[in-house]
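This is data-v7.pdb. It holds PDB, C-alpha atoms and all ligand atoms.
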ATOM      1  CA  MET A   1     -17.298  20.737  27.583
ATOM      2  CA  SER A   2     -13.760  19.335  27.935
ATOM      3  CA  LYS A   3     -11.475  18.750  24.975
ATOM      4  CA  HIS A   4     -12.062  15.391  23.260
ATOM      5  CA  LEU A   5      -8.943  13.232  22.959
ATOM      6  CA  PHE A   6      -8.243  10.780  20.156
ATOM      7  CA  ALA A   7      -5.281   8.577  19.255
ATOM      8  CA  LEU A   8      -3.774   6.076  16.883
ATOM      9  CA  PHE A   9      -3.030   2.707  18.530
ATOM     10  CA  GLY A  10      -0.526   0.430  16.823
ATOM     11  CA  ASN A  11       3.012  -0.872  16.743
ATOM     12  CA  PRO A  12       4.790   0.965  15.170
ATOM     13  CA  VAL A  13       2.969   4.322  15.121
ATOM     14  CA  SER A  14       5.798   6.812  14.690
ATOM     15  CA  HIS A  15       5.548   6.950  10.858
ATOM     16  CA  SER A  16       1.814   7.671  10.688
ATOM     17  CA  LYS A  17       0.190  10.692   9.067
ATOM     18  CA  SER A  18      -3.058  10.154  11.001
ATOM     19  CA  PRO A  19      -2.318  12.638  13.851
ATOM     20  CA  LEU A  20      -1.562  15.395  11.349
ATOM     21  CA  MET A  21      -4.650  14.561   9.241
ATOM     22  CA  HIS A  22      -7.062  14.586  12.181
ATOM     23  CA  ASN A  23      -5.540  17.598  13.933
ATOM     24  CA  LEU A  24      -5.741  19.651  10.726
ATOM     25  CA  ALA A  25      -9.412  18.716  10.429
ATOM     26  CA  PHE A  26     -10.076  19.640  14.092
ATOM     27  CA  LYS A  27      -8.361  22.986  13.587
ATOM     28  CA  GLY A  28      -9.973  23.703  10.214
ATOM     29  CA  LEU A  29     -13.465  22.861  11.452
ATOM     30  CA  LYS A  30     -12.893  24.639  14.800
ATOM     31  CA  ILE A  31     -13.501  21.520  16.903
ATOM     32  CA  ASP A  32     -11.931  21.265  20.366
ATOM     33  CA  GLY A  33     -10.191  17.934  19.757
ATOM     34  CA  CYS A  34      -6.657  16.601  19.862
ATOM     35  CA  TYR A  35      -5.278  13.442  18.215
ATOM     36  CA  ASN A  36      -2.121  11.690  19.463
ATOM     37  CA  ARG A  37      -0.314   8.432  18.844
ATOM     38  CA  TYR A  38       0.062   5.571  21.320
ATOM     39  CA  LEU A  39       2.492   2.698  20.929
ATOM     40  CA  LEU A  40       0.437  -0.304  22.033
ATOM     41  CA  GLU A  41       2.610  -3.351  22.548
ATOM     42  CA  GLU A  42       0.004  -5.750  23.940
ATOM     43  CA  GLY A  43      -3.175  -5.827  21.861
ATOM     44  CA  GLU A  44      -5.107  -7.557  24.667
ATOM     45  CA  LYS A  45      -4.770  -4.332  26.693
ATOM     46  CA  LEU A  46      -6.423  -2.124  24.047
ATOM     47  CA  ARG A  47      -9.695  -1.617  25.906
ATOM     48  CA  GLU A  48      -8.000  -1.032  29.260
ATOM     49  CA  LYS A  49      -5.618   1.554  27.734
ATOM     50  CA  PHE A  50      -8.460   3.284  25.868
ATOM     51  CA  PHE A  51     -10.327   4.006  29.105
ATOM     52  CA  ALA A  52      -7.173   4.704  31.165
ATOM     53  CA  LEU A  53      -6.177   7.415  28.670
ATOM     54  CA  GLY A  54      -9.654   9.002  28.756
ATOM     55  CA  LEU A  55     -10.095   8.839  24.992
ATOM     56  CA  LYS A  56     -13.172   9.584  22.901
ATOM     57  CA  GLY A  57     -12.002   7.654  19.847
ATOM     58  CA  ILE A  58      -9.102   5.809  18.275
ATOM     59  CA  ASN A  59      -7.836   4.469  15.007
ATOM     60  CA  ILE A  60      -6.098   1.126  15.090
ATOM     61  CA  THR A  61      -3.287   0.044  12.818
ATOM     62  CA  VAL A  62      -1.054  -3.022  12.412
ATOM     63  CA  PRO A  63      -1.033  -5.432  14.240
ATOM     64  CA  HIS A  64      -4.073  -4.772  16.423
ATOM     65  CA  LYS A  65      -7.146  -4.641  14.141
ATOM     66  CA  GLU A  66      -8.386  -8.028  15.339
ATOM     67  CA  HIS A  67      -7.812  -7.101  18.981
ATOM     68  CA  ALA A  68      -9.787  -3.921  18.296
ATOM     69  CA  TYR A  69     -12.625  -6.060  16.956
ATOM     70  CA  GLN A  70     -12.570  -8.101  20.202
ATOM     71  CA  ALA A  71     -12.507  -4.963  22.377
ATOM     72  CA  CYS A  72     -15.784  -3.445  21.112
ATOM     73  CA  ASP A  73     -19.219  -3.632  22.745
ATOM     74  CA  ILE A  74     -21.097  -2.844  19.542
ATOM     75  CA  LEU A  75     -19.937  -3.541  15.994
ATOM     76  CA  ASP A  76     -21.044  -1.936  12.799
ATOM     77  CA  PRO A  77     -22.448  -4.734  10.514
ATOM     78  CA  PHE A  78     -19.584  -4.467   8.000
ATOM     79  CA  ALA A  79     -16.879  -4.584  10.736
ATOM     80  CA  GLN A  80     -18.682  -7.591  12.192
ATOM     81  CA  LYS A  81     -18.600  -9.331   8.817
ATOM     82  CA  VAL A  82     -14.887  -8.788   8.142
ATOM     83  CA  GLY A  83     -13.666  -9.299  11.719
ATOM     84  CA  ALA A  84     -11.367  -6.246  11.678
ATOM     85  CA  VAL A  85     -11.858  -2.823  13.288
ATOM     86  CA  ASN A  86      -9.716   0.241  12.571
ATOM     87  CA  THR A  87     -11.928   2.900  14.213
ATOM     88  CA  ILE A  88     -13.465   2.913  17.702
ATOM     89  CA  VAL A  89     -15.689   5.603  19.205
ATOM     90  CA  GLU A  90     -16.782   5.765  22.861
ATOM     91  CA  ARG A  91     -20.416   6.646  23.523
ATOM     92  CA  GLU A  92     -21.862   6.515  27.051
ATOM     93  CA  GLY A  93     -19.157   4.128  28.236
ATOM     94  CA  LYS A  94     -19.544   1.685  25.353
ATOM     95  CA  LEU A  95     -17.065   1.116  22.521
ATOM     96  CA  TYR A  96     -18.484   1.183  18.981
ATOM     97  CA  GLY A  97     -16.310  -0.402  16.267
ATOM     98  CA  TYR A  98     -16.074   0.354  12.546
ATOM     99  CA  ASN A  99     -13.927  -0.573   9.558
ATOM    100  CA  THR A 100     -13.143   2.466   7.425
ATOM    101  CA  ASP A 101     -10.183   0.990   5.459
ATOM    102  CA  ALA A 102     -12.480  -0.862   3.087
ATOM    103  CA  PRO A 103     -14.913   1.994   2.242
ATOM    104  CA  GLY A 104     -11.869   4.286   1.955
ATOM    105  CA  PHE A 105     -10.326   1.960  -0.601
ATOM    106  CA  LEU A 106     -13.611   1.572  -2.498
ATOM    107  CA  LYS A 107     -13.873   5.338  -2.825
ATOM    108  CA  ALA A 108     -10.222   5.618  -3.870
ATOM    109  CA  ILE A 109     -10.720   3.323  -6.885
ATOM    110  CA  ASN A 110     -13.966   4.979  -7.946
ATOM    111  CA  GLU A 111     -12.054   6.987 -10.562
ATOM    112  CA  PHE A 112     -11.468   3.824 -12.649
ATOM    113  CA  LYS A 113     -14.880   3.873 -14.284
ATOM    114  CA  GLY A 114     -15.965   0.677 -15.988
ATOM    115  CA  ALA A 115     -13.478  -1.517 -14.074
ATOM    116  CA  LYS A 116     -15.052  -4.802 -13.036
ATOM    117  CA  LYS A 117     -12.493  -7.605 -12.961
ATOM    118  CA  VAL A 118      -9.882  -7.084 -10.258
ATOM    119  CA  LEU A 119      -6.790  -9.088  -9.301
ATOM    120  CA  PHE A 120      -5.646  -8.818  -5.684
ATOM    121  CA  LEU A 121      -2.014  -9.685  -5.006
ATOM    122  CA  GLY A 122      -2.073 -10.771  -1.358
ATOM    123  CA  ALA A 123      -4.584 -12.204   1.078
ATOM    124  CA  GLY A 124      -3.868 -10.469   4.415
ATOM    125  CA  GLY A 125      -6.195  -8.411   6.593
ATOM    126  CA  THR A 126      -6.401  -5.435   4.244
ATOM    127  CA  ALA A 127      -7.191  -7.690   1.305
ATOM    128  CA  GLN A 128      -9.895  -9.367   3.328
ATOM    129  CA  SER A 129     -11.971  -6.314   4.201
ATOM    130  CA  THR A 130     -11.459  -4.636   0.822
ATOM    131  CA  SER A 131     -12.312  -7.774  -1.170
ATOM    132  CA  MET A 132     -15.638  -8.030   0.689
ATOM    133  CA  ILE A 133     -16.640  -4.437   0.023
ATOM    134  CA  LEU A 134     -15.599  -4.652  -3.629
ATOM    135  CA  LYS A 135     -17.660  -7.804  -4.035
ATOM    136  CA  GLU A 136     -20.674  -6.091  -2.474
ATOM    137  CA  ALA A 137     -20.140  -3.177  -4.902
ATOM    138  CA  GLY A 138     -20.274  -5.536  -7.906
ATOM    139  CA  TYR A 139     -16.568  -6.066  -8.665
ATOM    140  CA  GLU A 140     -15.310  -9.589  -9.497
ATOM    141  CA  VAL A 141     -12.264 -10.122  -7.294
ATOM    142  CA  THR A 142      -9.670 -12.850  -7.860
ATOM    143  CA  ILE A 143      -7.092 -13.467  -5.126
ATOM    144  CA  LEU A 144      -3.488 -14.481  -5.861
ATOM    145  CA  ASN A 145      -1.321 -15.234  -2.835
ATOM    146  CA  ARG A 146       2.198 -16.472  -2.158
ATOM    147  CA  SER A 147       1.030 -19.310   0.101
ATOM    148  CA  ALA A 148      -2.161 -21.373   0.213
ATOM    149  CA  GLY A 149      -2.999 -21.100   3.927
ATOM    150  CA  ARG A 150      -4.866 -17.783   3.880
ATOM    151  CA  LEU A 151      -6.881 -18.622   0.747
ATOM    152  CA  GLU A 152      -9.268 -21.045   2.433
ATOM    153  CA  ARG A 153     -11.399 -18.284   3.953
ATOM    154  CA  TYR A 154     -11.675 -16.498   0.566
ATOM    155  CA  ARG A 155     -12.778 -19.694  -1.169
ATOM    156  CA  GLU A 156     -15.494 -20.138   1.439
ATOM    157  CA  GLU A 157     -16.689 -16.600   0.614
ATOM    158  CA  GLY A 158     -16.899 -17.531  -3.082
ATOM    159  CA  PHE A 159     -13.755 -15.825  -4.425
ATOM    160  CA  GLU A 160     -11.607 -17.361  -7.154
ATOM    161  CA  THR A 161      -8.192 -18.012  -5.554
ATOM    162  CA  TYR A 162      -4.729 -18.992  -6.763
ATOM    163  CA  THR A 163      -1.189 -19.425  -5.538
ATOM    164  CA  PHE A 164       1.785 -18.532  -7.753
ATOM    165  CA  GLU A 165       2.066 -22.197  -8.749
ATOM    166  CA  ASN A 166      -1.458 -22.740 -10.128
ATOM    167  CA  PHE A 167      -2.314 -19.225 -11.372
ATOM    168  CA  GLN A 168      -4.200 -19.029 -14.681
ATOM    169  CA  PRO A 169      -3.348 -15.774 -16.505
ATOM    170  CA  GLN A 170      -6.457 -13.927 -17.708
ATOM    171  CA  HIS A 171      -7.657 -10.373 -18.291
ATOM    172  CA  PHE A 172      -8.062  -8.064 -15.279
ATOM    173  CA  ASP A 173      -9.111  -4.404 -15.384
ATOM    174  CA  LEU A 174      -7.217  -3.548 -12.197
ATOM    175  CA  VAL A 175      -4.159  -5.253 -10.684
ATOM    176  CA  ILE A 176      -3.744  -4.316  -7.027
ATOM    177  CA  ASN A 177      -0.876  -4.887  -4.600
ATOM    178  CA  MET A 178      -2.457  -5.709  -1.238
ATOM    179  CA  THR A 179       0.770  -6.969   0.372
ATOM    180  CA  SER A 180       3.545  -5.113   2.177
ATOM    181  CA  ALA A 181       6.035  -6.235  -0.511
ATOM    182  CA  GLY A 182       8.008  -3.140  -1.514
ATOM    183  CA  LEU A 183       7.262  -1.244   1.695
ATOM    184  CA  GLU A 184      10.650  -1.757   3.295
ATOM    185  CA  ASP A 185      12.384  -3.823   0.633
ATOM    186  CA  ASP A 186      12.674  -4.027  -3.147
ATOM    187  CA  SER A 187      10.488  -7.083  -3.645
ATOM    188  CA  LEU A 188       7.567  -7.524  -6.007
ATOM    189  CA  PRO A 189       4.342  -8.974  -4.583
ATOM    190  CA  CYS A 190       4.532 -11.952  -6.968
ATOM    191  CA  PRO A 191       6.932 -13.342  -9.614
ATOM    192  CA  LYS A 192       7.680 -10.855 -12.414
ATOM    193  CA  GLU A 193       6.644 -13.422 -15.051
ATOM    194  CA  ILE A 194       3.073 -13.342 -13.691
ATOM    195  CA  LEU A 195       2.980  -9.534 -13.585
ATOM    196  CA  ASP A 196       4.304  -9.354 -17.146
ATOM    197  CA  GLN A 197       1.317 -11.495 -18.169
ATOM    198  CA  VAL A 198      -1.428  -9.550 -16.373
ATOM    199  CA  ILE A 199      -0.264  -5.916 -16.462
ATOM    200  CA  PRO A 200      -0.321  -5.382 -20.274
ATOM    201  CA  SER A 201      -4.101  -5.842 -20.565
ATOM    202  CA  ALA A 202      -4.991  -3.985 -17.327
ATOM    203  CA  LYS A 203      -6.536  -0.494 -17.317
ATOM    204  CA  ALA A 204      -4.480   0.502 -14.249
ATOM    205  CA  CYS A 205      -2.287  -0.786 -11.408
ATOM    206  CA  ILE A 206      -2.854   0.199  -7.796
ATOM    207  CA  ASP A 207      -0.791  -0.154  -4.624
ATOM    208  CA  VAL A 208      -2.059   0.207  -1.061
ATOM    209  CA  ILE A 209       1.434   1.328   0.000
ATOM    210  CA  TYR A 210       1.894   5.101  -0.002
ATOM    211  CA  GLY A 211       4.764   7.534   0.349
ATOM    212  CA  LYS A 212       7.099   5.773  -2.074
ATOM    213  CA  GLU A 213       7.072   4.317  -5.544
ATOM    214  CA  THR A 214       7.118   0.550  -5.030
ATOM    215  CA  PRO A 215       8.828  -1.898  -7.420
ATOM    216  CA  PHE A 216       5.290  -2.989  -8.415
ATOM    217  CA  LEU A 217       4.254   0.516  -9.488
ATOM    218  CA  LYS A 218       7.623   1.016 -11.205
ATOM    219  CA  LEU A 219       7.007  -2.132 -13.224
ATOM    220  CA  ALA A 220       3.478  -0.956 -14.092
ATOM    221  CA  LYS A 221       4.891   2.354 -15.342
ATOM    222  CA  SER A 222       7.404   0.498 -17.502
ATOM    223  CA  HIS A 223       4.321  -1.070 -19.168
ATOM    224  CA  ASN A 224       2.915   2.496 -19.624
ATOM    225  CA  LYS A 225      -0.008   1.848 -17.294
ATOM    226  CA  PRO A 226      -1.764   4.467 -15.139
ATOM    227  CA  THR A 227      -0.843   3.923 -11.482
ATOM    228  CA  LYS A 228      -2.232   4.968  -8.119
ATOM    229  CA  ASP A 229      -0.667   4.542  -4.670
ATOM    230  CA  GLY A 230      -2.364   4.161  -1.264
ATOM    231  CA  ALA A 231      -2.461   7.862  -0.305
ATOM    232  CA  ASP A 232      -6.131   8.396  -1.233
ATOM    233  CA  MET A 233      -7.087   5.216   0.624
ATOM    234  CA  LEU A 234      -5.355   6.598   3.723
ATOM    235  CA  LEU A 235      -6.996   9.992   3.300
ATOM    236  CA  TYR A 236     -10.487   8.591   2.683
ATOM    237  CA  GLN A 237     -10.379   6.060   5.554
ATOM    238  CA  GLY A 238      -9.353   8.987   7.778
ATOM    239  CA  ILE A 239     -12.242  11.153   6.619
ATOM    240  CA  ILE A 240     -14.747   8.345   7.203
ATOM    241  CA  ALA A 241     -13.227   7.759  10.678
ATOM    242  CA  PHE A 242     -13.548  11.503  11.392
ATOM    243  CA  GLU A 243     -17.229  11.352  10.406
ATOM    244  CA  HIS A 244     -17.674   8.667  13.100
ATOM    245  CA  PHE A 245     -15.587  10.608  15.654
ATOM    246  CA  THR A 246     -17.772  13.704  15.229
ATOM    247  CA  GLY A 247     -21.120  11.883  15.063
ATOM    248  CA  HIS A 248     -21.534  12.744  11.365
ATOM    249  CA  THR A 249     -21.808  16.468  12.121
ATOM    250  CA  TYR A 250     -19.610  17.178   9.077
ATOM    251  CA  SER A 251     -19.895  15.765   5.578
ATOM    252  CA  PHE A 252     -17.095  14.031   3.686
ATOM    253  CA  GLU A 253     -16.723  17.092   1.439
ATOM    254  CA  GLU A 254     -16.427  19.456   4.421
ATOM    255  CA  ILE A 255     -13.674  17.373   6.040
ATOM    256  CA  LEU A 256     -11.713  16.650   2.821
ATOM    257  CA  PRO A 257      -9.927  19.999   2.210
ATOM    258  CA  HIS A 258      -8.640  20.184   5.800
ATOM    259  CA  MET A 259      -7.381  16.605   5.991
ATOM    260  CA  ARG A 260      -5.884  16.727   2.522
ATOM    261  CA  ARG A 261      -3.474  19.434   3.707
ATOM    262  CA  ALA A 262      -1.577  16.693   5.605
ATOM    263  CA  PHE A 263      -0.424  15.370   2.234
ATOM    264  CA  LEU A 264       0.838  18.748   1.069
ATOM    265  CA  LEU A 265       2.893  19.615   4.161
TER     266      LEU A 265
HETATM  267  P1  LIG B 301       0.518  -7.970   5.563
HETATM  268  O1  LIG B 301       1.654  -7.083   5.374
HETATM  269  O2  LIG B 301       0.390  -8.731   6.803
HETATM  270  O3  LIG B 301       0.566  -8.916   4.312
HETATM  271  C1  LIG B 301      -0.122 -10.084   4.330
HETATM  272  C2  LIG B 301      -0.234 -10.584   2.918
HETATM  273  O4  LIG B 301       0.852 -10.135   2.100
HETATM  274  C3  LIG B 301      -0.210 -12.060   2.889
HETATM  275  O5  LIG B 301      -1.075 -12.439   1.881
HETATM  276  C4  LIG B 301       1.253 -12.368   2.580
HETATM  277  O6  LIG B 301       1.405 -13.615   1.946
HETATM  278  C5  LIG B 301       1.574 -11.260   1.608
HETATM  279  N1  LIG B 301       2.990 -10.856   1.571
HETATM  280  C6  LIG B 301       3.681 -10.171   2.517
HETATM  281  N2  LIG B 301       4.932  -9.934   2.085
HETATM  282  C7  LIG B 301       5.043 -10.480   0.859
HETATM  283  C8  LIG B 301       6.094 -10.592  -0.101
HETATM  284  N3  LIG B 301       7.311 -10.063   0.153
HETATM  285  N4  LIG B 301       5.851 -11.205  -1.265
HETATM  286  C9  LIG B 301       4.634 -11.724  -1.533
HETATM  287  N5  LIG B 301       3.600 -11.696  -0.667
HETATM  288  C10 LIG B 301       3.803 -11.071   0.524
HETATM  289  O7  LIG B 301      -0.924  -7.334   5.231
HETATM  290  P2  LIG B 301      -1.835  -6.188   5.706
HETATM  291  O8  LIG B 301      -3.119  -6.603   5.140
HETATM  292  O9  LIG B 301      -1.754  -5.884   7.156
HETATM  293  O10 LIG B 301      -1.266  -4.895   4.933
HETATM  294  C11 LIG B 301      -1.055  -4.921   3.552
HETATM  295  C12 LIG B 301      -0.540  -3.587   3.086
HETATM  296  O11 LIG B 301      -1.602  -2.646   3.124
HETATM  297  C13 LIG B 301       0.603  -3.011   3.931
HETATM  298  O12 LIG B 301       1.627  -2.584   3.061
HETATM  299  C14 LIG B 301      -0.044  -1.812   4.606
HETATM  300  O13 LIG B 301       0.882  -0.775   4.801
HETATM  301  C15 LIG B 301      -1.095  -1.415   3.574
HETATM  302  N6  LIG B 301      -2.205  -0.640   4.114
HETATM  303  C16 LIG B 301      -2.460   0.596   3.562
HETATM  304  C17 LIG B 301      -3.496   1.360   4.018
HETATM  305  C18 LIG B 301      -3.742   2.717   3.433
HETATM  306  O14 LIG B 301      -4.545   3.460   4.002
HETATM  307  N7  LIG B 301      -3.135   3.068   2.326
HETATM  308  C19 LIG B 301      -4.401   0.880   5.096
HETATM  309  C20 LIG B 301      -4.076  -0.440   5.573
HETATM  310  C21 LIG B 301      -3.007  -1.152   5.094
HETATM  311  P3  LIG B 301       1.488 -14.992   2.802
HETATM  312  O15 LIG B 301       0.076 -15.360   3.140
HETATM  313  O16 LIG B 301       2.129 -15.943   1.876
HETATM  314  O17 LIG B 301       2.323 -14.696   4.016
END

Translate this file's structure into structure tokens.
Ligand code: NDP
Amino acid sequence: MSKHLFALFGNPVSHSKSPLMHNLAFKGLKIDGCYNRYLLEEGEKLREKFFALGLKGINITVPHKEHAYQACDILDPFAQKVGAVNTIVEREGKLYGYNTDAPGFLKAINEFKGAKKVLFLGAGGTAQSTSMILKEAGYEVTILNRSAGRLERYREEGFETYTFENFQPQHFDLVINMTSAGLEDDSLPCPKEILDQVIPSAKACIDVIYGKETPFLKLAKSHNKPTKDGADMLLYQGIIAFEHFTGHTYSFEEILPHMRRAFLL
């Protein structure tokens, strides 16, 4: 059997840990696979490029998760519901699409036992899939966003939504940055006055950004709150994607120690 090829499609892709994570798992589990990165500039060409490169599976990152959704022949029910795909596997010429960001995030916050009320800062694509899975898992998610436009869809799904202007401070167990604020700048995801009202009564503050301490997590630490960045989310979404890539031949626990090495190197 020939070597199976995998890749990350996105723009940019140069910063990603995914190739290292997946290649360590292939090596550790003695699978004849290789994972590369591919800078995809035109999302509409995702399907064409997938087949032209002779790939078995891909992960998809910003800004192509909706194009990935469009490119699939068969969608997993959760990916269908959220309209965003970050993992595609080819089987007998057909493309199967999954969303592993959301279950990865759900698993990452599992350590905060007893947390129920959650405040999401941000309403982008990541917030959308994760809010749905948290709701299904019994969390009460409130969405706070800079502008009103993206909130419509959340309201239709039954979420409580606010902009900075009409926000009503209340108690939340977890306050979570779901924006890219702080990724490449020093901005907070919302005005400091709001954070100073909600952080003191929270059990913990979480950021989906990884690899740096964001201004949001710095502020949470100044309030003496436990914090968690997005590294486990990245690791867990990768493990769940790897389960799909390998047809569930390996369990989460078998893949974990190999992929985790990417965060130690
Ligand atoms: P975007 O970066 O497109 O952010 C969209 C949302 O963030 C919108 O609600 C937008 O508000 C808000 N926003 C953006 N910048 C600011 C700012 N400076 N201040 C306040 N609000 C802001 O969202 P994505 O969903 O694509 O990604 C969100 C984050 O999740 C990224 O940082 C990404 O790196 C991270 N991520 C992490 C993963 C992991 O595995 N750890 C996996 C996937 C994503 P508005 O509507 O007003 O424009």

Checklist entry - If we count all atoms listed in the file, what is near A:Phe172 at a cut-off of 9 Å, once residues fewer than 4 positions away on the same chain are taken out, given as a ChimeraX atom specification? => result /A:115-119,142,198-199,201-203

Sorted per-residue table, stretch 73-128 of chain A near stretch 185-190 of chain A, closest atoms and distance, 12 Å, all atoms listed in the file, as a Markdown table:
| residue | atom | partner | partner_atom | distance |
| --- | --- | --- | --- | --- |
| A:Leu119 | CA | A:Cys190 | CA | 11.9 |
| A:Phe120 | CA | A:Pro189 | CA | 10.0 |
| A:Leu121 | CA | A:Pro189 | CA | 6.4 |
| A:Gly122 | CA | A:Pro189 | CA | 7.4 |
| A:Ala123 | CA | A:Pro189 | CA | 11.1 |

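The spacing separating atom CA of A:Gly57 from atom CA of A:Ile88 amounts to 5.4 Å.
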
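Here the PyMOL selection byres (((chain A and resi 210) around 12) and not hetatm) matches the residues His15, Ser16, Lys17, Asn177, Met178, Ser180, Gly182, Leu183, Glu184, Ile206, Asp207, Val208, Ile209, Gly211, Lys212, Glu213, Thr214, Leu217, Thr227, Lys228, Asp229, Gly230, Ala231, Asp232, Met233, Leu234, Leu235 and Phe263 of chain A.
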
Checklist entry - Mind telling me what the PyMOL selection byres (((chain A and resi 31) around 12) and not hetatm) catches here, as a ChimeraX atom specification? => result /A:1-5,22-30,32-35,242,245-246,249-250,255

Restricted to C-alpha atoms, what would the selected residues look like written as a PDB file, in the coordinates of the input?
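Written output follows (out.pdb):
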ATOM      1  CA  MET A   1     -17.298  20.737  27.583  1.00  0.00           C
ATOM      2  CA  SER A   2     -13.760  19.335  27.935  1.00  0.00           C
ATOM      3  CA  LYS A   3     -11.475  18.750  24.975  1.00  0.00           C
ATOM      4  CA  HIS A   4     -12.062  15.391  23.260  1.00  0.00           C
ATOM      5  CA  LEU A   5      -8.943  13.232  22.959  1.00  0.00           C
ATOM      6  CA  HIS A  22      -7.062  14.586  12.181  1.00  0.00           C
ATOM      7  CA  ASN A  23      -5.540  17.598  13.933  1.00  0.00           C
ATOM      8  CA  LEU A  24      -5.741  19.651  10.726  1.00  0.00           C
ATOM      9  CA  ALA A  25      -9.412  18.716  10.429  1.00  0.00           C
ATOM     10  CA  PHE A  26     -10.076  19.640  14.092  1.00  0.00           C
ATOM     11  CA  LYS A  27      -8.361  22.986  13.587  1.00  0.00           C
ATOM     12  CA  GLY A  28      -9.973  23.703  10.214  1.00  0.00           C
ATOM     13  CA  LEU A  29     -13.465  22.861  11.452  1.00  0.00           C
ATOM     14  CA  LYS A  30     -12.893  24.639  14.800  1.00  0.00           C
ATOM     15  CA  ASP A  32     -11.931  21.265  20.366  1.00  0.00           C
ATOM     16  CA  GLY A  33     -10.191  17.934  19.757  1.00  0.00           C
ATOM     17  CA  CYS A  34      -6.657  16.601  19.862  1.00  0.00           C
ATOM     18  CA  TYR A  35      -5.278  13.442  18.215  1.00  0.00           C
ATOM     19  CA  PHE A 242     -13.548  11.503  11.392  1.00  0.00           C
ATOM     20  CA  PHE A 245     -15.587  10.608  15.654  1.00  0.00           C
ATOM     21  CA  THR A 246     -17.772  13.704  15.229  1.00  0.00           C
ATOM     22  CA  THR A 249     -21.808  16.468  12.121  1.00  0.00           C
ATOM     23  CA  TYR A 250     -19.610  17.178   9.077  1.00  0.00           C
ATOM     24  CA  ILE A 255     -13.674  17.373   6.040  1.00  0.00           C
TER      25      ILE A 255
END

Item to check | the PyMOL selection byres (((chain A and resi 64) around 9) and not hetatm) applied to the shown file, residues as a ChimeraX atom specification | outcome: /A:9-11,40,42-44,46,60-63,65-69,84-86

Item to check | Residue nearest A:Leu75 among A:Asn99, A:Phe105, A:Arg91, A:Asn59 (counting all atoms listed in the file) | outcome: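 Closest candidate: A:Asn99.
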
Checklist entry - In Å, how far is it from atom CA of A:Gly125 to atom CA of A:Phe164? => result 19.3 Å

Will you model N, CA, C and O atoms for stretch 255-265 of chain A and pass it back as a compact mmCIF listing (two decimals), in the frame of the given file?
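Writing the result to out_19.txt gives the following:
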# COMPACT_ATOMS: atom_id res chain seq x y z
N ILE A 255 -14.90 17.81 5.35
CA ILE A 255 -13.67 17.37 6.04
C ILE A 255 -12.49 17.32 5.07
O ILE A 255 -11.35 17.65 5.42
N LEU A 256 -12.76 16.91 3.83
CA LEU A 256 -11.71 16.65 2.82
C LEU A 256 -10.64 17.74 2.69
O LEU A 256 -9.45 17.44 2.80
N PRO A 257 -10.99 19.02 2.46
CA PRO A 257 -9.93 20.00 2.21
C PRO A 257 -8.98 20.19 3.39
O PRO A 257 -7.79 20.46 3.20
N HIS A 258 -9.49 20.02 4.61
CA HIS A 258 -8.64 20.18 5.80
C HIS A 258 -7.68 19.00 5.94
O HIS A 258 -6.49 19.17 6.15
N MET A 259 -8.23 17.79 5.82
CA MET A 259 -7.38 16.60 5.99
C MET A 259 -6.37 16.45 4.86
O MET A 259 -5.25 16.00 5.08
N ARG A 260 -6.77 16.87 3.68
CA ARG A 260 -5.88 16.73 2.52
C ARG A 260 -4.59 17.54 2.69
O ARG A 260 -3.57 17.20 2.13
N ARG A 261 -4.66 18.60 3.50
CA ARG A 261 -3.47 19.43 3.71
C ARG A 261 -2.32 18.62 4.29
O ARG A 261 -1.15 18.97 4.10
N ALA A 262 -2.64 17.53 5.01
CA ALA A 262 -1.58 16.69 5.60
C ALA A 262 -0.67 16.10 4.53
O ALA A 262 0.48 15.76 4.79
N PHE A 263 -1.20 15.98 3.32
CA PHE A 263 -0.42 15.37 2.23
C PHE A 263 0.38 16.42 1.47
O PHE A 263 1.18 16.09 0.62
N LEU A 264 0.12 17.68 1.76
CA LEU A 264 0.84 18.75 1.07
C LEU A 264 1.97 19.30 1.92
O LEU A 264 2.89 19.96 1.43
N LEU A 265 1.89 19.04 3.24
CA LEU A 265 2.89 19.61 4.16
C LEU A 265 4.19 18.80 4.15
O LEU A 265 4.17 17.61 3.92
